[in-house]
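Scroll down for the structure; my scribbles are underneath it.
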Amino acid sequence: MDYAIAALIGLFITVGVYFLLSRSVIRMLLGVSVFGNAVNLLIFVGGRLTREVPPIVPPDLYQAEGAVANPLPQALVLTAIVIGFAMFSFLLVLAFRAYQSLDADNTDNMRLAEPVGGCRPPLSY
Amino acid sequence: MDYATELDLPPAMLATATPLADWVLVLPMALLLMGAALLLVLRRSKDFHAWFAVLVVLGVLWCEVTLLGRVIADGPQAMTMGNWLPPFGITFVADLFGTMFALAAAVVTLVLIAYMEMDRSRGDNRDGQFALVLLLLAGVTGSFLTGDFFNLYVWFEVMLIASFGLLVLGGTRLQLDGAIKYGFLNFLATTLFLLALGLTYALLGTLNMADIIGKAEGANPTALAGIASLLLLAFGMKAAAFPVNAWLPASYHTPPAAVSALFAGLLTKVGIFAMMRALVFLFPASRDLLEPVLMVVAAATLVVAPLGALAETNVRRAMGFIVIGGIGVVLTGIAMPNQPGVAGAGFYILHAIVTMTALYLVAGLVEKVTGQTDSRRMGGIYAANSPLSILFMIVVLAAAGVPPFLGFWPKLLLIEAGLEHAGISTAGVSEIGWGGLAMVVALLLNAWLTLMAGGRLWAHIFWRAGPEAGAEAEAEPLRRLVGKQDILGMGATAALLTLIVIAGLFPGVLFEIVDTAARDMLQPARYIAAVGLAGGGAP
């Protein structure tokens with residue numbers, strides 16, 4: 001099972017990188033999303049896949065008895081999902097706003113900050 | 001229900017409450033986050049924002065000065081959330097480097113709030129500006145003071161989302177263009193960092209930094225080297241090291257000058273300090289394997305960046321390349337982690353936090369005087385505003401590292417480190433380490449090229465009689481900085497530069513601090529003991 005999930009993570013990262021190499025901002029967004037999910041899956045699997053009981057501590061004890069599932073990766077992955085979603089939403093709105101203002105979805109046409117051709121270096125002094 | 005008294009205390013928790021005085025370790029972040037929230041609530045009363053932000057930052061400064069005093073006196077200070085014992089709770093640790101940088105970041109932010117007040121006008125709809133500045137500082141301070149690797153990622157994201165907000169605030173087309181590039185590449189960098197974190201947890205089973213140091217020694221060195229290379233790539237992107245630096249000159253000149261200055265002073269420095277923390281402090285064995293890569297990256301960053309500054313006519317874009325050059329200087333310290341190397345790298349980060357900010361502040365004033373961003377359309381400001389030309393010259397000399405300014409001392413330490421690394425005094429000619437010598441040459445070359453780039457900008461903007469031939473038509477008449485707000489901006493910049501000059505003239509105290517800090521970085525025993533892991537878990 002671990003190997004299958006590792007292969008799936010590899011596939012996700014490949015797809016993510018492929019989309020990120022695109023010039024279209026929307027495809028880049030998809031790439032960021034797929035890449036982020038690959039990483040989330042990796043953190044989840046990092047805590048090992050086991051068939052254990054849920055990590056619930058009985059009321060009269062301080063520690064759970066016997067083997068329980070590892071709850072930490074779930075906390076980590078939850079944090080990562082929330083943050084990743086916030087960033088994705090921001091980038092989505094940013095892309096839409098840039099599309100409205102710059103009239104471009106293609107990054108090759110977004111050259112305001114770095115003008116095409118640039119200027120020649122100053123020759124005096 | 002008082003379980004703690006009825007049952008035996010589990011070995012994972014402290015029963016006593018944290019003394020009030022220890023709260024100074026987390027108070028800076030708490031104050032900043034609450035201050036930012038309050039500013040958002042009070043968004044209508046804009047006149048009051050700057051004053052409130054100044055109050056909050058002053059509170060943070062007080063906490064950090066207290067904290068620095070304690071760290072200097074008693075060594076690193078640690079606190080674990082929820083009174084859990086590490087490695088279970090999230091730990092905050094103040095060591096010398098982290099506290100010092102957090103303090104410098106707060107000082108710089110204080111100056112910038114005054115400078116932002118200069119740029120403010122009644123009509124602009126930047127209601128959230130000061131709230132975002134406080135959030136950004138919270139992210140930066142948290143990154144400097146955290147002792148937990150995953151928590152570092154969270155603070156990175158706090159910093160990132162605040163910087164996104166500041167970058168697009170105002171919403172001009174230029175800003176949107178810059179923000180797309182900045183946003184995608186920085187988000188990708190933090191995702192790569194998260195990837196490395198997931199692998200670290202899978203390999204070592206812990207994310208507490210003090211615990212990682214102990215467990216990394218017994219781990220599979222090949223797997224660790226893979227993690228370390230991922231961290232090098234992720235933090236290299238955040239810090240804008242040479243092959244992955246494209247986002248910085250594409251975005252830093254697009255927001256207002258004060259925001260650029262904040263980014264230049266704080267963001268890339270957090271990235272490079274995180275790299276130092278990860279490679280020198282946490283995974284030194286993997287760093288040794290990556291040393292050739294680090295040396296090539298450092299040398300390339302050192303040489304390529306100032307060449308970019310030489311070729312550029314947009315003033316703030318040229319400054320962006322100088323900022324990247326500074327990252328190369330710190331990288332040499334990470335590539336040669338002997339005592340003077342780490343001390344020099346840390347000292348340089350401190351210098352860069354204040355100097356790179358000042359660089360952009362002066363550039364902002366130049367843009368205000370001329371109404372232009374392109375140096376081809378500037379000229380002759382020397383006659384109109386000679387104080388400004390003096391400020392510009394000082395900041396260029398400090399950035400290039402000309403004695404007696406602040407930038408000289410860390411470079412002196414780094415050159416000493418290069419000669420030590422090469423073994424000039426001890427080894428025979430056949431055993432000289434050429435890597436160390438190459439670093440020395442690259443550092444000197446960088447200083448020379450930076451001085452040339454900065455000096456030429458000065459000559460173009462201030463010294464020559466008027467704009468370049470053919471560009472006079474677009475040039476505007478020079479503005480005089482005489483209004484109340486303008487004087488505030490000039491004053492803030494002059495205050496920051498005075499600090500740089502004084503620190504450069506009396507570097508003795510700083511030398512002692514970075515020396516101890518570097519020793520703590522290379523031998524983490526005091527750090528681990530402060531967290532409470534050395535003696536089997538008991539504090």
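Residues in the structure tokens are numbered from 1 in each chain, the chains being A, B, ... in the order shown, and ligands are numbered from 1 in the order shown.
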Using only C-alpha atoms, select each residue of chain B with any atom at most 8 Å away from an atom of chain A, and give the selection as a VMD selection string. chain B and resid 10 150 157 161 173 to 180 183 to 184 187 to 188 191 194 to 195 197 to 199 201 to 203 205 250 to 251 253 to 254 310 to 313 376 456 459
Write a file of the just-selected residues containing C-alpha atoms, as a compact mmCIF listing (two decimals), in the first residue's frame.
# COMPACT_ATOMS: atom_id res chain seq x y z
CA PRO B 10 2.62 12.15 33.16
CA PHE B 150 6.59 22.95 11.22
CA GLU B 157 2.95 31.51 5.42
CA ILE B 161 0.08 36.21 2.92
CA ARG B 173 -1.44 47.23 -13.20
CA LEU B 174 2.29 47.22 -12.45
CA GLN B 175 1.64 45.79 -8.98
CA LEU B 176 -0.63 43.05 -10.31
CA ASP B 177 2.03 42.03 -12.81
CA GLY B 178 4.70 41.86 -10.10
CA ALA B 179 2.38 40.08 -7.66
CA ILE B 180 1.64 37.22 -10.10
CA GLY B 183 2.99 35.00 -5.60
CA PHE B 184 3.46 31.88 -7.67
CA PHE B 187 4.10 29.85 -2.84
CA LEU B 188 5.95 27.16 -4.75
CA THR B 191 5.31 24.17 -0.77
CA LEU B 194 6.53 21.68 3.28
CA LEU B 195 7.58 18.71 1.15
CA LEU B 197 9.13 18.90 6.27
CA GLY B 198 6.95 15.91 5.46
CA LEU B 199 10.03 13.89 4.59
CA TYR B 201 8.90 13.86 9.85
CA ALA B 202 8.69 10.56 7.99
CA LEU B 203 12.42 9.96 8.51
CA GLY B 205 9.57 11.21 13.61
CA ALA B 250 10.38 41.31 -11.22
CA SER B 251 8.33 42.34 -8.22
CA HIS B 253 10.01 47.66 -7.52
CA THR B 254 6.26 47.51 -8.17
CA LEU B 310 25.17 47.77 -13.28
CA ALA B 311 22.99 47.16 -16.34
CA GLU B 312 19.78 48.50 -14.82
CA THR B 313 18.37 52.02 -15.13
CA ARG B 376 18.00 58.09 -17.39
CA ARG B 456 27.38 55.11 -10.95
CA ALA B 459 26.70 59.91 -10.41
Surrounding residues of Thr268 in chain B excluding itself and chain neighbours under 3 positions, 12 Å, only C-alpha atoms, as a ChimeraX atom specification: /B:140,156,159-160,163,186,234-241,245,247-248,252,260-265,271-275,320,323-328,330,349,352-353,356-357
With C-alpha atoms retained, export the selected residues as a PDB file, in the first residue's frame.
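out12.pdb, freshly written:
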ATOM      1  CA  VAL B 140       9.123  37.542  10.548  1.00  0.00           C
ATOM      2  CA  PHE B 156       6.512  31.659   6.664  1.00  0.00           C
ATOM      3  CA  MET B 159       4.636  36.419   6.334  1.00  0.00           C
ATOM      4  CA  LEU B 160       3.791  35.384   2.778  1.00  0.00           C
ATOM      5  CA  SER B 163       3.373  40.358   1.860  1.00  0.00           C
ATOM      6  CA  ASN B 186       7.063  32.146  -3.357  1.00  0.00           C
ATOM      7  CA  ALA B 234      13.183  25.983  -1.016  1.00  0.00           C
ATOM      8  CA  PHE B 235      15.089  28.492   1.136  1.00  0.00           C
ATOM      9  CA  GLY B 236      17.235  29.477  -1.840  1.00  0.00           C
ATOM     10  CA  MET B 237      14.058  30.480  -3.655  1.00  0.00           C
ATOM     11  CA  LYS B 238      12.794  32.400  -0.612  1.00  0.00           C
ATOM     12  CA  ALA B 239      16.149  34.137  -0.280  1.00  0.00           C
ATOM     13  CA  ALA B 240      16.521  34.773  -4.043  1.00  0.00           C
ATOM     14  CA  ALA B 241      19.864  32.998  -4.487  1.00  0.00           C
ATOM     15  CA  ASN B 245      16.182  34.737  -8.050  1.00  0.00           C
ATOM     16  CA  TRP B 247      11.006  36.781  -8.909  1.00  0.00           C
ATOM     17  CA  LEU B 248      12.809  39.462  -6.896  1.00  0.00           C
ATOM     18  CA  TYR B 252      10.185  44.393  -5.601  1.00  0.00           C
ATOM     19  CA  SER B 260       9.636  47.559  -1.148  1.00  0.00           C
ATOM     20  CA  ALA B 261      11.884  48.650   1.691  1.00  0.00           C
ATOM     21  CA  LEU B 262      10.028  46.436   4.157  1.00  0.00           C
ATOM     22  CA  PHE B 263      10.328  43.438   1.814  1.00  0.00           C
ATOM     23  CA  ALA B 264      13.996  44.077   1.048  1.00  0.00           C
ATOM     24  CA  GLY B 265      14.874  44.387   4.715  1.00  0.00           C
ATOM     25  CA  GLY B 271      14.788  32.915   3.960  1.00  0.00           C
ATOM     26  CA  ILE B 272      18.567  32.952   4.242  1.00  0.00           C
ATOM     27  CA  PHE B 273      18.493  32.666   8.040  1.00  0.00           C
ATOM     28  CA  ALA B 274      16.168  29.667   7.733  1.00  0.00           C
ATOM     29  CA  MET B 275      18.704  28.134   5.341  1.00  0.00           C
ATOM     30  CA  GLY B 320      16.874  44.694  -5.986  1.00  0.00           C
ATOM     31  CA  VAL B 323      19.826  42.942  -2.274  1.00  0.00           C
ATOM     32  CA  ILE B 324      20.428  39.643  -4.115  1.00  0.00           C
ATOM     33  CA  GLY B 325      24.186  40.271  -3.923  1.00  0.00           C
ATOM     34  CA  GLY B 326      23.852  40.551  -0.142  1.00  0.00           C
ATOM     35  CA  ILE B 327      22.251  37.103  -0.081  1.00  0.00           C
ATOM     36  CA  GLY B 328      25.368  35.788  -1.841  1.00  0.00           C
ATOM     37  CA  VAL B 330      25.533  35.265   3.575  1.00  0.00           C
ATOM     38  CA  ILE B 349      22.149  39.423   7.967  1.00  0.00           C
ATOM     39  CA  ALA B 352      21.431  43.697   5.567  1.00  0.00           C
ATOM     40  CA  ILE B 353      18.180  44.091   7.525  1.00  0.00           C
ATOM     41  CA  MET B 356      18.842  47.152   2.447  1.00  0.00           C
ATOM     42  CA  THR B 357      15.824  48.882   3.986  1.00  0.00           C
TER      43      THR B 357
END
Residues near Ser386 in chain B, cut-off 12 Å, only C-alpha atoms, skip fewer than 3 positions along chain, as a compact mmCIF listing (two decimals) with C-alpha atoms, in the first residue's frame:
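Saved the output as result37.txt:
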# COMPACT_ATOMS: atom_id res chain seq x y z
CA VAL B 366 14.80 60.11 -4.99
CA VAL B 369 12.00 64.38 -5.75
CA GLY B 380 21.32 67.20 -11.05
CA ILE B 381 19.62 66.54 -7.73
CA TYR B 382 22.90 67.38 -5.96
CA ALA B 383 22.28 71.07 -6.46
CA SER B 389 22.82 62.95 -2.02
CA ILE B 390 24.79 62.45 1.20
CA LEU B 391 22.24 59.89 2.44
CA PHE B 392 22.45 58.02 -0.87
CA MET B 393 26.26 57.98 -0.81
CA TRP B 458 24.84 58.23 -7.58
CA ILE B 461 21.07 60.71 -10.31
CA PHE B 462 22.90 63.42 -8.39
CA TRP B 463 26.12 64.46 -10.04
CA ARG B 480 11.47 70.09 -3.11
CA LEU B 481 10.96 68.06 0.03
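Omitting Trp409 in chain B and its sequence neighbours fewer than 2 positions away, and counting only C-alpha atoms, the residues within 9 Å are B:Gly344, B:Phe347, B:Tyr348, B:Gly401, B:Pro403, B:Pro404, B:Phe405, B:Leu406, B:Gly407, B:Lys411, B:Leu412, B:Leu413, B:Leu414, B:Gly504, B:Pro507, B:Phe511.
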Store the residues picked out above in a file with C-alpha atoms, as a PDB file, in the first residue's frame.
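Below is the file again.pdb, written as the result:
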ATOM      1  CA  GLY B 344      30.202  36.879   9.658  1.00  0.00           C
ATOM      2  CA  PHE B 347      26.507  39.777  11.290  1.00  0.00           C
ATOM      3  CA  TYR B 348      25.840  40.362   7.604  1.00  0.00           C
ATOM      4  CA  GLY B 401      31.113  47.299   2.648  1.00  0.00           C
ATOM      5  CA  PRO B 403      35.121  50.831   6.012  1.00  0.00           C
ATOM      6  CA  PRO B 404      34.162  52.263   8.464  1.00  0.00           C
ATOM      7  CA  PHE B 405      30.541  51.562   7.566  1.00  0.00           C
ATOM      8  CA  LEU B 406      28.626  48.628   9.004  1.00  0.00           C
ATOM      9  CA  GLY B 407      28.911  46.374   5.924  1.00  0.00           C
ATOM     10  CA  LYS B 411      32.802  40.945   5.211  1.00  0.00           C
ATOM     11  CA  LEU B 412      36.074  41.129   7.134  1.00  0.00           C
ATOM     12  CA  LEU B 413      34.949  38.136   9.208  1.00  0.00           C
ATOM     13  CA  LEU B 414      33.901  36.239   6.076  1.00  0.00           C
ATOM     14  CA  GLY B 504      29.696  50.806  12.017  1.00  0.00           C
ATOM     15  CA  PRO B 507      31.144  47.420  16.208  1.00  0.00           C
ATOM     16  CA  PHE B 511      31.410  41.433  17.367  1.00  0.00           C
TER      17      PHE B 511
END
Can you tell me, as an MDAnalysis selection string, what residues are no more than 9 Å from Arg23 in chain A when counting only C-alpha atoms, ignoring any on the same chain fewer than 4 positions away? chainID A and resid 19 27:28 105:108
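Summary of the local environment: counting only C-alpha atoms, residues at most 9 Å from range 516-519 of chain B, other than itself and those fewer than 2 positions away along its chain, are B:Ile72, B:Asp95, B:Leu96, B:Phe97, B:Asn338, B:Gln339, B:Pro340, B:Gly341, B:Val342, B:Ala343, B:Gly344, B:Gly346, B:Phe511, B:Glu512, B:Ile513, B:Val514, B:Met521, B:Leu522, B:Gln523, B:Pro524.
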Expected file contents, prior selection, C-alpha atoms, as a PDB file, in the first residue's frame:
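Output file selection08.pdb follows:
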ATOM      1  CA  ILE B  72      23.051  37.496  26.602  1.00  0.00           C
ATOM      2  CA  ASP B  95      18.849  32.223  20.759  1.00  0.00           C
ATOM      3  CA  LEU B  96      21.207  35.127  20.171  1.00  0.00           C
ATOM      4  CA  PHE B  97      20.934  35.293  16.373  1.00  0.00           C
ATOM      5  CA  ASN B 338      33.795  27.786  10.685  1.00  0.00           C
ATOM      6  CA  GLN B 339      33.616  30.159  13.631  1.00  0.00           C
ATOM      7  CA  PRO B 340      34.308  33.432  11.760  1.00  0.00           C
ATOM      8  CA  GLY B 341      32.194  32.234   8.789  1.00  0.00           C
ATOM      9  CA  VAL B 342      28.989  31.735  10.762  1.00  0.00           C
ATOM     10  CA  ALA B 343      29.637  34.860  12.841  1.00  0.00           C
ATOM     11  CA  GLY B 344      30.202  36.879   9.658  1.00  0.00           C
ATOM     12  CA  GLY B 346      24.933  36.335  10.995  1.00  0.00           C
ATOM     13  CA  PHE B 511      31.410  41.433  17.367  1.00  0.00           C
ATOM     14  CA  GLU B 512      31.129  39.890  20.833  1.00  0.00           C
ATOM     15  CA  ILE B 513      27.450  39.020  20.347  1.00  0.00           C
ATOM     16  CA  VAL B 514      27.882  37.370  16.937  1.00  0.00           C
ATOM     17  CA  MET B 521      25.017  27.742  16.195  1.00  0.00           C
ATOM     18  CA  LEU B 522      27.977  25.415  15.674  1.00  0.00           C
ATOM     19  CA  GLN B 523      27.733  23.656  19.050  1.00  0.00           C
ATOM     20  CA  PRO B 524      24.026  23.431  19.845  1.00  0.00           C
TER      21      PRO B 524
END
Which of range 8-125 of chain A counts as alpha helix (DSSP H) under DSSP, as a VMD selection string please? chain A and resid 8 to 20 25 to 46 72 to 102
Set the distance at 8 Å and use only C-alpha atoms: which residues neighbour Leu457 in chain B once local chain neighbours fewer than 4 positions away are removed? I'd like the list as a PyMOL selection string. chain B and resi 315+375+453+461
Restricted to N, CA and C atoms, what would the selected residues look like written as a PDB file, in the first residue's frame?
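Below is the file selection_10.pdb, written as the result:
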ATOM      1  N   VAL B 315      15.787  52.640 -10.847  1.00  0.00           N
ATOM      2  CA  VAL B 315      16.581  52.735  -9.615  1.00  0.00           C
ATOM      3  C   VAL B 315      16.269  51.596  -8.654  1.00  0.00           C
ATOM      4  N   SER B 375      16.589  56.061 -14.004  1.00  0.00           N
ATOM      5  CA  SER B 375      17.711  56.966 -13.753  1.00  0.00           C
ATOM      6  C   SER B 375      18.107  57.761 -14.998  1.00  0.00           C
ATOM      7  N   ALA B 453      28.377  49.850  -9.176  1.00  0.00           N
ATOM      8  CA  ALA B 453      26.976  50.031  -9.557  1.00  0.00           C
ATOM      9  C   ALA B 453      26.342  51.172  -8.762  1.00  0.00           C
ATOM     10  N   ILE B 461      22.237  60.069 -10.900  1.00  0.00           N
ATOM     11  CA  ILE B 461      21.071  60.712 -10.306  1.00  0.00           C
ATOM     12  C   ILE B 461      21.433  62.089  -9.766  1.00  0.00           C
TER      13      ILE B 461
END
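The two atoms in question, CA of Ala529 in chain B and CA of Val71 in chain B, are spaced 13.5 Å apart.
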